[in-house]
Amino acid sequence: MKSYEEQRVPSAPAPSFREQGDVPAMSVTVRVPAKVNVQLTVGGARPDGFHELANVFLAVDLFDEITVSSAEELRITCSGRDAAEVPLDHTNLAARAARVLAERHGLTSNVHVHIAKDIPVTGGMAGGSADGAGALVACDALWGTQASRRQLLDICAELGSDVSFSLVGGAALGIGRGERLTELEVGGRFHWVFAMAGRGLSTPAVFKEFDRLNEGVRIPEPVASQDLLDALAKGDAKALAAAVCNDLQPAALSLFPELARTLAAGKAAGALAGLVSGSGPTIAFLARDAADAKEIAEALSASGTCRSVRTAVSPAVGAVVL
């Protein structure tokens with residue numbers, strides 16, 4: 001395994017995400033994927049309030065599309081699924097990404113950022129992080145800043161724990177608070193069913209509950225599961241199902257007990273495994289194949305235990321200029 005910096009950043013400055021021509025682009029659109037955590041092992045709280053993680057990400061083919069164009073001021077708009085729940089102020093990671101990149105290059109962040117939302121909001125699938133990564137890549141292309149992959153990853157790490165993976169996609173092990181990535185080999189396609197809950201969960205609240213549930217407990221250093229890494233490399237869905245884990249799941253279930261019914265419904269429908277995705281509340285179910293995923297999705301939709309159901313395949317590519 002190699003880190004993304006080792007694998008993909010050459011010694012010479014890397015090119016921008018688009019070739020620079022004589023005529024600047026009027027707008028740039030970037031597609032960015034959702035993620036599922038097949039392993040999320042959590043260590044003790046650090047002095048800065050974050051936790052050390054061993055976080056195995058898989059990108060899945062549910063995407064947001066981020067379009068940036070020149071404007072008189074920084075403005076965020078959003079359409080699509082759950083658009084009303086997306087913040088349109090300075091707290092949006094897409095707005096923060098535009099500002100940070102502009103500051104690094106002595107520019108003004110006067111862009112209109114439009115988010116075409118398809119990734120579930122506050123669902124533990126890194127939709128906000130994906131939007132931050134997409135806006136960063138799009139602004140780099142629009143402004144011709146020609147940032148290297150390493151420079152973009154540095155900004156991603158500054159923006160948030162999951163933003164780096166949203167940029168690179170595929171499969172990766174994230175350590176630290178999840179931002180230091182190592183590329184993982186994946187030997188096949190994995191089929192997923194995602195059950196979306198009727199309300200969201202706050203990531204800080206879930207970590208706080210994790211700390212409460214583990215008060216007085218000695219928490220070991222988080223490490224990646226070799227069985228899980230081997231299952232990914234072989235493309236073995238049954239072996240992956242036996243190895244998936246999420247240390248935040250008890251905390252999410254403590255805050256949102258109804259999720260237990262969704263987990264039970266998916267497993268009763270034949271899922272190989274079910275687990276809370278990230279900090280939740282979306283539940284991810286691993287299926288044997290596409291036909292099995294369709295049957296599980298139909299059963300979950302009929303169960304009345306979730307708001308909506310989506311199917312997806314992993315791995316998927318990271319941020320791509322369209």
# chains A, B, ... in the order shown; residues from 1 in each chain; ligands from 1
$ select_by_dssp --residues "stretch 60-137 of chain A" --states "alpha helix (DSSP H)" --output "list in words"
Leu93, Ala94, Ala95, Arg96, Ala97, Ala98, Arg99, Val100, Leu101, Ala102, Glu103, Arg104, Gly127, Gly128, Ser129, Ala130, Asp131, Gly132, Ala133, Gly134, Ala135, Leu136 and Val137 of chain A
$ write_last_selection --atoms "C-alpha atoms" --output "PDB file, in the first residue's frame"
ATOM      1  CA  LEU A  93     -17.711  23.332   3.183  1.00  0.00           C
ATOM      2  CA  ALA A  94     -17.999  24.318  -0.473  1.00  0.00           C
ATOM      3  CA  ALA A  95     -17.874  27.997   0.529  1.00  0.00           C
ATOM      4  CA  ARG A  96     -14.959  27.349   2.860  1.00  0.00           C
ATOM      5  CA  ALA A  97     -13.060  25.497   0.122  1.00  0.00           C
ATOM      6  CA  ALA A  98     -13.442  28.399  -2.298  1.00  0.00           C
ATOM      7  CA  ARG A  99     -12.252  30.899   0.311  1.00  0.00           C
ATOM      8  CA  VAL A 100      -9.210  28.882   1.365  1.00  0.00           C
ATOM      9  CA  LEU A 101      -8.033  28.235  -2.200  1.00  0.00           C
ATOM     10  CA  ALA A 102      -8.524  31.905  -3.093  1.00  0.00           C
ATOM     11  CA  GLU A 103      -6.558  33.049  -0.041  1.00  0.00           C
ATOM     12  CA  ARG A 104      -3.684  30.686  -0.876  1.00  0.00           C
ATOM     13  CA  GLY A 127     -22.090  14.589   1.466  1.00  0.00           C
ATOM     14  CA  GLY A 128     -20.851  17.875   2.915  1.00  0.00           C
ATOM     15  CA  SER A 129     -17.237  16.769   2.609  1.00  0.00           C
ATOM     16  CA  ALA A 130     -17.847  15.750  -0.998  1.00  0.00           C
ATOM     17  CA  ASP A 131     -19.194  19.223  -1.741  1.00  0.00           C
ATOM     18  CA  GLY A 132     -16.097  20.799  -0.212  1.00  0.00           C
ATOM     19  CA  ALA A 133     -13.795  18.617  -2.307  1.00  0.00           C
ATOM     20  CA  GLY A 134     -15.851  19.258  -5.441  1.00  0.00           C
ATOM     21  CA  ALA A 135     -15.801  23.030  -4.960  1.00  0.00           C
ATOM     22  CA  LEU A 136     -12.040  22.940  -4.367  1.00  0.00           C
ATOM     23  CA  VAL A 137     -11.364  21.038  -7.592  1.00  0.00           C
TER      24      VAL A 137
END
$ residues_around --residues "stretch 213-228 of chain A" --least-positions-apart "2" --cutoff "9 Å" --atoms "only C-alpha atoms" --output "PyMOL selection string"
chain A and resi 38-44+52-56+173+175+208-211+230-233+239-244+250-251
$ atom_distance --atom1 "atom CA of A:Asp48" --atom2 "atom CA of A:Glu179"
15.0 Å
$ closest_residue --among "A:Lys267, A:His191, A:Arg288, A:Arg261" --to "A:Gly304" --atoms "only C-alpha atoms"
A:Arg261
$ closest_atom_pairs --of "stretch 250-321 of chain A" --to "stretch 159-165 of chain A" --cutoff "12 Å" --atoms "only C-alpha atoms" --output "tab-separated table"
residue	atom	partner	partner_atom	distance
A:Gly278	CA	A:Asp162	CA	10.2
A:Ser279	CA	A:Asp162	CA	11.8
A:Ala316	CA	A:Phe165	CA	11.4
A:Val317	CA	A:Phe165	CA	10.4
A:Gly318	CA	A:Phe165	CA	7.7
A:Ala319	CA	A:Phe165	CA	9.4
$ residues_around --residues "stretch 74-91 of chain A" --least-positions-apart "2" --cutoff "8 Å" --atoms "only C-alpha atoms" --output "list in words"
Ala71, Glu72, Leu93, Ala94, Ala95, Arg96, Ser109, Asn110, Val111, His112, Val113, His114, Ile115, Ala116, Lys117, Asp118, Ile119, Pro120 and Val121 of chain A
$ select_by_dssp --residues "stretch 15-209 of chain A" --states "strand (DSSP E or B)" --output "count of residues only"
69
$ atom_distance --atom1 "atom CA of A:Ala197" --atom2 "atom CA of A:Lys35"
16.6 Å
$ residues_around --residues "A:Thr145" --least-positions-apart "3" --cutoff "9 Å" --atoms "only C-alpha atoms" --output "list in words"
Ser16, Leu101, Ala102, His105, Cys139, Asp140, Ala141 and Leu142 of chain A
$ atom_distance --atom1 "atom CA of A:Lys234" --atom2 "atom CA of A:Asn37"
17.8 Å
$ closest_residue --among "A:Leu229, A:Leu153, A:Val313, A:Val28" --to "A:Glu185" --atoms "only C-alpha atoms"
A:Leu229
$ closest_residue --among "A:Thr29, A:Ser308, A:Ser166, A:Ser202" --to "A:Asp61" --atoms "only C-alpha atoms"
A:Ser166
$ closest_residue --among "A:Ala205, A:Val321, A:Ala269, A:Ala171" --to "A:Phe190" --atoms "only C-alpha atoms"
A:Ala171
$ closest_residue --among "A:Ile155, A:Gly235, A:Gln249, A:Ala264" --to "A:Ser314" --atoms "only C-alpha atoms"
A:Gly235
$ residues_around --residues "A:Phe256" --least-positions-apart "4" --cutoff "9 Å" --atoms "only C-alpha atoms" --output "number ranges by chain"
A: 201, 251-252, 260, 281
